[in-house]
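Everything below belongs to run18.pdb, which stores PDB, C-alpha atoms.
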ATOM      1  CA  MET L   1       4.563   8.447 -17.385
ATOM      2  CA  THR L   2       4.497  12.109 -16.406
ATOM      3  CA  THR L   3       7.625  14.163 -16.834
ATOM      4  CA  ASP L   4       8.040  14.787 -13.092
ATOM      5  CA  THR L   5       8.021  11.117 -12.049
ATOM      6  CA  ALA L   6      11.360  10.477 -10.391
ATOM      7  CA  VAL L   7      12.849   7.125 -11.345
ATOM      8  CA  LEU L   8      11.773   3.719 -12.522
ATOM      9  CA  THR L   9      14.057   1.550 -10.447
ATOM     10  CA  ALA L  10      12.644  -1.792 -11.568
ATOM     11  CA  THR L  11      10.427  -3.202 -14.259
ATOM     12  CA  THR L  12       7.227  -5.115 -13.679
ATOM     13  CA  THR L  13       7.893  -8.694 -14.750
ATOM     14  CA  PRO L  14       5.155 -10.554 -16.629
ATOM     15  CA  VAL L  15       3.690 -13.344 -14.525
ATOM     16  CA  SER L  16       4.082 -16.876 -15.808
ATOM     17  CA  GLY L  17       0.946 -18.917 -16.300
ATOM     18  CA  SER L  18       1.704 -21.213 -13.370
ATOM     19  CA  ASP L  19       1.909 -18.217 -11.023
ATOM     20  CA  THR L  20      -1.593 -16.982 -11.726
ATOM     21  CA  ASP L  21      -3.094 -19.495  -9.257
ATOM     22  CA  SER L  22      -0.535 -19.011  -6.488
ATOM     23  CA  PRO L  23      -1.326 -16.926  -3.366
ATOM     24  CA  ILE L  24      -1.571 -13.181  -3.854
ATOM     25  CA  ARG L  25       1.509 -11.345  -2.576
ATOM     26  CA  LEU L  26       0.214  -8.491  -0.428
ATOM     27  CA  ALA L  27       2.551  -5.677   0.609
ATOM     28  CA  ILE L  28       1.296  -3.716   3.614
ATOM     29  CA  ILE L  29       2.900  -0.256   3.606
ATOM     30  CA  ILE L  30       3.160   1.702   6.857
ATOM     31  CA  GLY L  31       3.058   5.304   5.652
ATOM     32  CA  SER L  32       3.836   7.254   8.820
ATOM     33  CA  THR L  33       7.411   7.814   9.982
ATOM     34  CA  ARG L  34       6.591  10.269  12.772
ATOM     35  CA  ASP L  35       7.962   9.734  16.301
ATOM     36  CA  GLY L  36       5.362   8.106  18.509
ATOM     37  CA  ARG L  37       3.318   6.988  15.505
ATOM     38  CA  PHE L  38       0.309   4.743  15.911
ATOM     39  CA  GLY L  39       0.688   3.116  12.491
ATOM     40  CA  PRO L  40       2.586  -0.051  13.502
ATOM     41  CA  LYS L  41      -0.174  -1.030  15.917
ATOM     42  CA  VAL L  42      -2.787  -0.733  13.159
ATOM     43  CA  ALA L  43      -0.528  -2.472  10.647
ATOM     44  CA  ASP L  44       0.218  -5.362  13.015
ATOM     45  CA  TRP L  45      -3.495  -5.944  13.522
ATOM     46  CA  PHE L  46      -4.223  -5.818   9.794
ATOM     47  CA  ALA L  47      -1.245  -8.020   8.887
ATOM     48  CA  GLY L  48      -2.372 -10.603  11.415
ATOM     49  CA  HIS L  49      -5.861 -10.551   9.943
ATOM     50  CA  ALA L  50      -4.562 -10.909   6.382
ATOM     51  CA  ALA L  51      -2.164 -13.698   7.360
ATOM     52  CA  LEU L  52      -5.104 -15.894   8.348
ATOM     53  CA  ARG L  53      -6.081 -16.193   4.697
ATOM     54  CA  SER L  54      -4.705 -19.036   2.616
ATOM     55  CA  ASP L  55      -4.970 -16.987  -0.581
ATOM     56  CA  LEU L  56      -2.487 -14.357   0.614
ATOM     57  CA  THR L  57       1.153 -14.051   1.574
ATOM     58  CA  VAL L  58       1.913 -10.934   3.563
ATOM     59  CA  GLU L  59       4.924  -8.638   3.808
ATOM     60  CA  VAL L  60       5.084  -5.392   5.776
ATOM     61  CA  VAL L  61       7.053  -2.488   4.307
ATOM     62  CA  ASP L  62       7.686   0.054   7.078
ATOM     63  CA  LEU L  63       8.857   3.366   5.635
ATOM     64  CA  ALA L  64      10.332   4.361   9.005
ATOM     65  CA  LYS L  65      12.601   1.302   9.010
ATOM     66  CA  THR L  66      13.449   1.616   5.311
ATOM     67  CA  PRO L  67      13.698   5.410   4.788
ATOM     68  CA  LEU L  68      13.889   6.592   1.190
ATOM     69  CA  PRO L  69      15.859   9.582  -0.087
ATOM     70  CA  THR L  70      13.912  12.828   0.053
ATOM     71  CA  ALA L  71      15.535  14.390  -3.021
ATOM     72  CA  LEU L  72      14.060  12.772  -6.129
ATOM     73  CA  THR L  73      16.437  12.131  -8.994
ATOM     74  CA  HIS L  74      16.594  10.056 -12.154
ATOM     75  CA  ARG L  75      20.182   9.089 -11.301
ATOM     76  CA  PRO L  76      20.415   8.018  -7.647
ATOM     77  CA  GLY L  77      23.907   7.614  -6.245
ATOM     78  CA  PRO L  78      25.183   4.582  -4.320
ATOM     79  CA  GLU L  79      23.603   5.536  -0.971
ATOM     80  CA  ASP L  80      20.265   6.382  -2.519
ATOM     81  CA  SER L  81      20.335   3.201  -4.594
ATOM     82  CA  ALA L  82      20.990   1.153  -1.463
ATOM     83  CA  ALA L  83      18.022   2.784   0.278
ATOM     84  CA  LEU L  84      15.798   2.107  -2.714
ATOM     85  CA  GLY L  85      17.055  -1.467  -2.813
ATOM     86  CA  ALA L  86      15.435  -2.103   0.557
ATOM     87  CA  VAL L  87      11.999  -1.129  -0.774
ATOM     88  CA  THR L  88      11.733  -1.259  -4.562
ATOM     89  CA  PRO L  89      12.125  -5.036  -5.109
ATOM     90  CA  ARG L  90       9.459  -5.708  -2.484
ATOM     91  CA  LEU L  91       6.999  -3.381  -4.186
ATOM     92  CA  ASP L  92       7.884  -4.858  -7.551
ATOM     93  CA  ALA L  93       7.174  -8.392  -6.346
ATOM     94  CA  ALA L  94       3.810  -7.497  -4.811
ATOM     95  CA  ASP L  95       0.521  -8.298  -6.508
ATOM     96  CA  ALA L  96      -1.461  -5.931  -4.290
ATOM     97  CA  PHE L  97      -0.935  -3.213  -1.710
ATOM     98  CA  ALA L  98      -2.622  -2.177   1.527
ATOM     99  CA  VAL L  99      -1.580   1.313   2.597
ATOM    100  CA  VAL L 100      -1.797   2.090   6.316
ATOM    101  CA  THR L 101      -2.076   5.852   6.663
ATOM    102  CA  PRO L 102      -2.897   8.472   9.260
ATOM    103  CA  GLU L 103      -4.351  11.859   8.433
ATOM    104  CA  TYR L 104      -1.975  14.782   8.868
ATOM    105  CA  ASN L 105      -3.419  18.250   8.290
ATOM    106  CA  HIS L 106      -6.336  16.967   6.205
ATOM    107  CA  SER L 107      -4.130  14.720   4.051
ATOM    108  CA  TYR L 108      -1.540  11.920   4.125
ATOM    109  CA  PRO L 109       2.138  11.864   5.230
ATOM    110  CA  ALA L 110       4.919  13.262   3.053
ATOM    111  CA  SER L 111       6.855  10.016   3.567
ATOM    112  CA  LEU L 112       4.098   8.133   1.773
ATOM    113  CA  LYS L 113       4.022  10.552  -1.149
ATOM    114  CA  ASN L 114       7.790  10.253  -1.403
ATOM    115  CA  ALA L 115       7.565   6.456  -1.621
ATOM    116  CA  ILE L 116       4.917   6.689  -4.328
ATOM    117  CA  ASP L 117       6.900   9.228  -6.350
ATOM    118  CA  TRP L 118      10.092   7.181  -6.288
ATOM    119  CA  HIS L 119       8.280   4.375  -8.106
ATOM    120  CA  PHE L 120       6.073   3.935 -11.126
ATOM    121  CA  THR L 121       6.004   0.509 -12.794
ATOM    122  CA  GLN L 122       5.772  -1.094  -9.360
ATOM    123  CA  TRP L 123       2.233   0.295  -8.956
ATOM    124  CA  GLN L 124       0.997  -0.237 -12.498
ATOM    125  CA  ALA L 125      -2.049  -2.451 -13.026
ATOM    126  CA  LYS L 126      -2.126  -3.527  -9.377
ATOM    127  CA  PRO L 127      -4.832  -2.949  -6.753
ATOM    128  CA  VAL L 128      -4.434  -0.747  -3.683
ATOM    129  CA  GLY L 129      -6.554  -0.820  -0.524
ATOM    130  CA  PHE L 130      -6.440   1.588   2.398
ATOM    131  CA  VAL L 131      -6.378   1.165   6.161
ATOM    132  CA  SER L 132      -6.677   4.598   7.745
ATOM    133  CA  TYR L 133      -6.750   5.916  11.279
ATOM    134  CA  GLY L 134      -7.108   9.239  13.019
ATOM    135  CA  GLY L 135      -9.506  11.305  15.064
ATOM    136  CA  ILE L 136     -13.135  11.902  14.216
ATOM    137  CA  SER L 137     -12.509  11.526  10.464
ATOM    138  CA  GLY L 138     -10.741   8.181  10.836
ATOM    139  CA  GLY L 139      -8.129   9.220   8.272
ATOM    140  CA  LEU L 140     -10.648   9.077   5.420
ATOM    141  CA  ARG L 141      -9.652  12.485   4.044
ATOM    142  CA  ALA L 142      -6.129  11.133   3.588
ATOM    143  CA  VAL L 143      -7.566   8.168   1.687
ATOM    144  CA  GLU L 144      -9.556  10.394  -0.663
ATOM    145  CA  HIS L 145      -6.394  12.393  -1.419
ATOM    146  CA  LEU L 146      -4.480   9.196  -2.141
ATOM    147  CA  ARG L 147      -6.939   7.822  -4.676
ATOM    148  CA  PRO L 148      -6.109  10.273  -7.518
ATOM    149  CA  VAL L 149      -2.391   9.937  -6.754
ATOM    150  CA  PHE L 150      -2.523   6.184  -7.260
ATOM    151  CA  ALA L 151      -4.707   6.634 -10.335
ATOM    152  CA  GLU L 152      -1.933   8.745 -11.852
ATOM    153  CA  VAL L 153       0.523   5.841 -11.510
ATOM    154  CA  HIS L 154      -1.990   3.454 -13.116
ATOM    155  CA  ALA L 155      -2.967   1.596  -9.952
ATOM    156  CA  VAL L 156      -6.523   0.495  -9.179
ATOM    157  CA  THR L 157      -7.888   1.522  -5.779
ATOM    158  CA  VAL L 158     -10.618  -0.660  -4.314
ATOM    159  CA  ARG L 159     -13.822   0.856  -3.015
ATOM    160  CA  ASP L 160     -14.000  -0.477   0.551
ATOM    161  CA  THR L 161     -11.637   0.749   3.244
ATOM    162  CA  VAL L 162     -10.870   0.000   6.862
ATOM    163  CA  SER L 163     -10.911   3.133   9.010
ATOM    164  CA  PHE L 164     -10.380   3.699  12.725
ATOM    165  CA  HIS L 165     -12.076   6.774  14.166
ATOM    166  CA  ASN L 166     -10.496   8.015  17.399
ATOM    167  CA  ALA L 167      -8.102   5.130  16.964
ATOM    168  CA  GLY L 168      -6.223   5.497  20.240
ATOM    169  CA  GLY L 169      -9.232   4.371  22.226
ATOM    170  CA  LEU L 170      -9.952   1.273  20.141
ATOM    171  CA  PHE L 171      -6.839  -0.788  20.882
ATOM    172  CA  GLY L 172      -5.842  -2.301  24.209
ATOM    173  CA  GLU L 173      -2.372  -2.352  25.737
ATOM    174  CA  ASP L 174      -1.785  -5.710  24.040
ATOM    175  CA  GLY L 175      -2.334  -4.171  20.600
ATOM    176  CA  GLN L 176      -5.623  -5.991  20.110
ATOM    177  CA  LEU L 177      -8.919  -4.335  19.320
ATOM    178  CA  THR L 178     -11.297  -4.078  22.246
ATOM    179  CA  ASP L 179     -14.259  -4.619  19.900
ATOM    180  CA  PRO L 180     -13.015  -6.379  16.755
ATOM    181  CA  VAL L 181     -16.325  -7.287  15.097
ATOM    182  CA  GLY L 182     -16.780  -4.202  12.915
ATOM    183  CA  PRO L 183     -13.125  -3.829  11.865
ATOM    184  CA  ASP L 184     -12.802  -7.564  11.196
ATOM    185  CA  THR L 185     -15.827  -7.402   8.889
ATOM    186  CA  ALA L 186     -14.477  -4.328   7.105
ATOM    187  CA  ALA L 187     -11.039  -5.913   6.689
ATOM    188  CA  GLY L 188     -12.561  -9.072   5.266
ATOM    189  CA  ALA L 189     -14.584  -7.123   2.710
ATOM    190  CA  MET L 190     -11.591  -5.073   1.614
ATOM    191  CA  LEU L 191      -9.311  -8.106   1.363
ATOM    192  CA  ASP L 192     -11.922  -9.886  -0.733
ATOM    193  CA  GLN L 193     -11.889  -6.967  -3.171
ATOM    194  CA  LEU L 194      -8.105  -6.734  -3.162
ATOM    195  CA  THR L 195      -7.615 -10.420  -3.890
ATOM    196  CA  TRP L 196     -10.240 -10.404  -6.669
ATOM    197  CA  TRP L 197      -8.601  -7.466  -8.409
ATOM    198  CA  ALA L 198      -5.092  -8.767  -7.758
ATOM    199  CA  ARG L 199      -5.860 -12.134  -9.307
ATOM    200  CA  ALA L 200      -7.666 -10.598 -12.279
ATOM    201  CA  LEU L 201      -4.919  -8.071 -12.939
ATOM    202  CA  ARG L 202      -2.127 -10.603 -12.436
ATOM    203  CA  THR L 203      -3.747 -12.854 -15.020
ATOM    204  CA  ALA L 204      -4.167  -9.898 -17.372
ATOM    205  CA  ARG L 205      -0.518  -8.885 -16.987
ATOM    206  CA  ALA L 206       0.537 -12.474 -17.713
ATOM    207  CA  THR L 207      -1.454 -12.687 -20.931
ATOM    208  CA  HIS L 208      -0.954  -9.102 -22.059
ATOM    209  CA  PRO L 209       1.785  -7.113 -20.228
ATOM    210  CA  TYR L 210       0.520  -3.701 -19.195
ATOM    211  CA  GLY L 211       1.403  -0.916 -21.620
ATOM    212  CA  SER L 212       2.392  -3.241 -24.449
TER     213      SER L 212
END

Using the file provided, produce a representation of the structure as structure tokens.
Amino acid sequence: MTTDTAVLTATTTPVSGSDTDSPIRLAIIIGSTRDGRFGPKVADWFAGHAALRSDLTVEVVDLAKTPLPTALTHRPGPEDSAALGAVTPRLDAADAFAVVTPEYNHSYPASLKNAIDWHFTQWQAKPVGFVSYGGISGGLRAVEHLRPVFAEVHAVTVRDTVSFHNAGGLFGEDGQLTDPVGPDTAAGAMLDQLTWWARALRTARATHPYGS
């Protein structure tokens, strides 16, 4: 743990042997909190895709609906603790994460960095995948900035991503993709990697808790 990590609000619990074969618990994190954001539309599509798989259970963590304190502290007061209580246990329970992020000014949203910095053990020895969206870059510069951040908190980022270039023109009024073939293929590949790593790391944590 680095000295400037804010707080460890929960502890990763070793997984019992019987849990290692149960569905992977995937937390989909919507990183943008900006007014008029496009993130929920992308997240809804991805969550629906992931929910079709029998090897996954899916939960969406929307940082706009569960805002975290912006002033990091090792001793959060009652209000801050209540805000953390709406997010931290859900991250702690997850076996894997899919981060839905836009690209703001060549990087990712401050709200997402804040959520990462408030936590530490919740990310440890768990895989993270990325679903990005934006203009011509498709949010990929945000993803490349996020990889070393998650490495610092001992998470494992998977290689494949899902990215939407000029995202506004790819979804219809009903929230569905006008041409789903490419994104569906990309999502399937990334979810395959996430579930492989999640199962392997969950088994490893059960037999040898991380950091012990």

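Omitting range 98-112 of chain L and its sequence neighbours fewer than 6 positions away, and counting all atoms listed in the file, the residues within 6 Å are Ile28, Ile29, Ile30, Gly31, Val128, Gly129, Phe130, Val131, Ser132, Tyr133, Gly134, Gly139, Arg141 and Ala142 of chain L.
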
_List as a list of chain:residue names the protein and nucleic acid residues near Ala125 in chain L, meaning an atom at most 8 Å away when all atoms listed in the file are counted, but skip any in the same chain fewer than 4 places from it._
L:His154, L:Ala155, L:Val156, L:Leu201, L:Arg205, L:Tyr210

*What is the CA of Ala83 in chain L to CA of Leu68 in chain L distance in Å?*
5.7 Å

*Could you tell me which residues the PyMOL selection byres ((chain L and resi 24) around 9) returns for this structure, as a VMD selection string?*
chain L and resid 20 to 23 25 to 26 55 to 58 94 to 96 195 198 to 199 202

Store the residues of this selection in a file with C-alpha atoms, as a PDB file, in the coordinates of the input.
ATOM      1  CA  THR L  20      -1.593 -16.982 -11.726  1.00  0.00           C
ATOM      2  CA  ASP L  21      -3.094 -19.495  -9.257  1.00  0.00           C
ATOM      3  CA  SER L  22      -0.535 -19.011  -6.488  1.00  0.00           C
ATOM      4  CA  PRO L  23      -1.326 -16.926  -3.366  1.00  0.00           C
ATOM      5  CA  ARG L  25       1.509 -11.345  -2.576  1.00  0.00           C
ATOM      6  CA  LEU L  26       0.214  -8.491  -0.428  1.00  0.00           C
ATOM      7  CA  ASP L  55      -4.970 -16.987  -0.581  1.00  0.00           C
ATOM      8  CA  LEU L  56      -2.487 -14.357   0.614  1.00  0.00           C
ATOM      9  CA  THR L  57       1.153 -14.051   1.574  1.00  0.00           C
ATOM     10  CA  VAL L  58       1.913 -10.934   3.563  1.00  0.00           C
ATOM     11  CA  ALA L  94       3.810  -7.497  -4.811  1.00  0.00           C
ATOM     12  CA  ASP L  95       0.521  -8.298  -6.508  1.00  0.00           C
ATOM     13  CA  ALA L  96      -1.461  -5.931  -4.290  1.00  0.00           C
ATOM     14  CA  THR L 195      -7.615 -10.420  -3.890  1.00  0.00           C
ATOM     15  CA  ALA L 198      -5.092  -8.767  -7.758  1.00  0.00           C
ATOM     16  CA  ARG L 199      -5.860 -12.134  -9.307  1.00  0.00           C
ATOM     17  CA  ARG L 202      -2.127 -10.603 -12.436  1.00  0.00           C
TER      18      ARG L 202
END

*asked:* I need every residue sitting at most 12 Å from the point (8.4, -1.2, -7.1) (coordinates as in the file, all atoms listed in the file considered), written as a ChimeraX atom specification.
replied: /L:7-13,27,61,84-97,115-124,126,153

*Rounded to one decimal in Å, what is the spacing between CA of Gly188 in chain L and CA of Gln176 in chain L?*
16.7 Å

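Relative to CA of Val143 in chain L, CA of Gly172 in chain L is found at 24.9 Å.
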
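Neighbourhood of point (0.8, -2.8, 23.8): residues with an atom at most 12 Å away, counting only C-alpha atoms, are L:Phe38, L:Pro40, L:Lys41, L:Val42, L:Asp44, L:Trp45, L:Gly168, L:Phe171, L:Gly172, L:Glu173, L:Asp174, L:Gly175, L:Gln176, L:Leu177.
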
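Ranking L:Asn114, L:Arg147, L:His49, L:Thr207 by their shortest atom-to-atom distance to Thr73 in chain L, with all atoms listed in the file included, puts L:Asn114 first.
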
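Proximity ranking of L:Gly211, L:Pro67, L:Lys113, L:His165 relative to Leu146 in chain L places L:Lys113 first, based on all atoms listed in the file.
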
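Using all atoms listed in the file, the shortest contact distance between Ala47 in chain L and any of L:Ala206, L:Ala200, L:Leu191, L:Leu140 is found at L:Leu191.
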
First collect every listed atom of range 79-97 of chain L; then fit an axis-aligned box around them, widen it by 3 Å on each side, and give centre and edge lengths in Å to one decimal, as lines of an AutoDock Vina configuration file.
center_x = 11.1
center_y = -1.0
center_z = -3.5
size_x = 31.1
size_y = 20.8
size_z = 14.1

*Find, counting only C-alpha atoms, the residue in L:Gly182, L:Gly39, L:Pro69, L:Pro76 that gets nearest to Val162 in chain L.*
L:Gly182

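When all atoms listed in the file are used to measure the gap to Leu63 in chain L, the shortest distance among L:Ser32, L:Asp80, L:Ala43, L:Arg75 belongs to L:Ser32.
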
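Nearest to Gly135 in chain L of all the residues L:Thr178, L:Glu152, L:Val158, L:Leu170 is L:Leu170, counting all atoms listed in the file.
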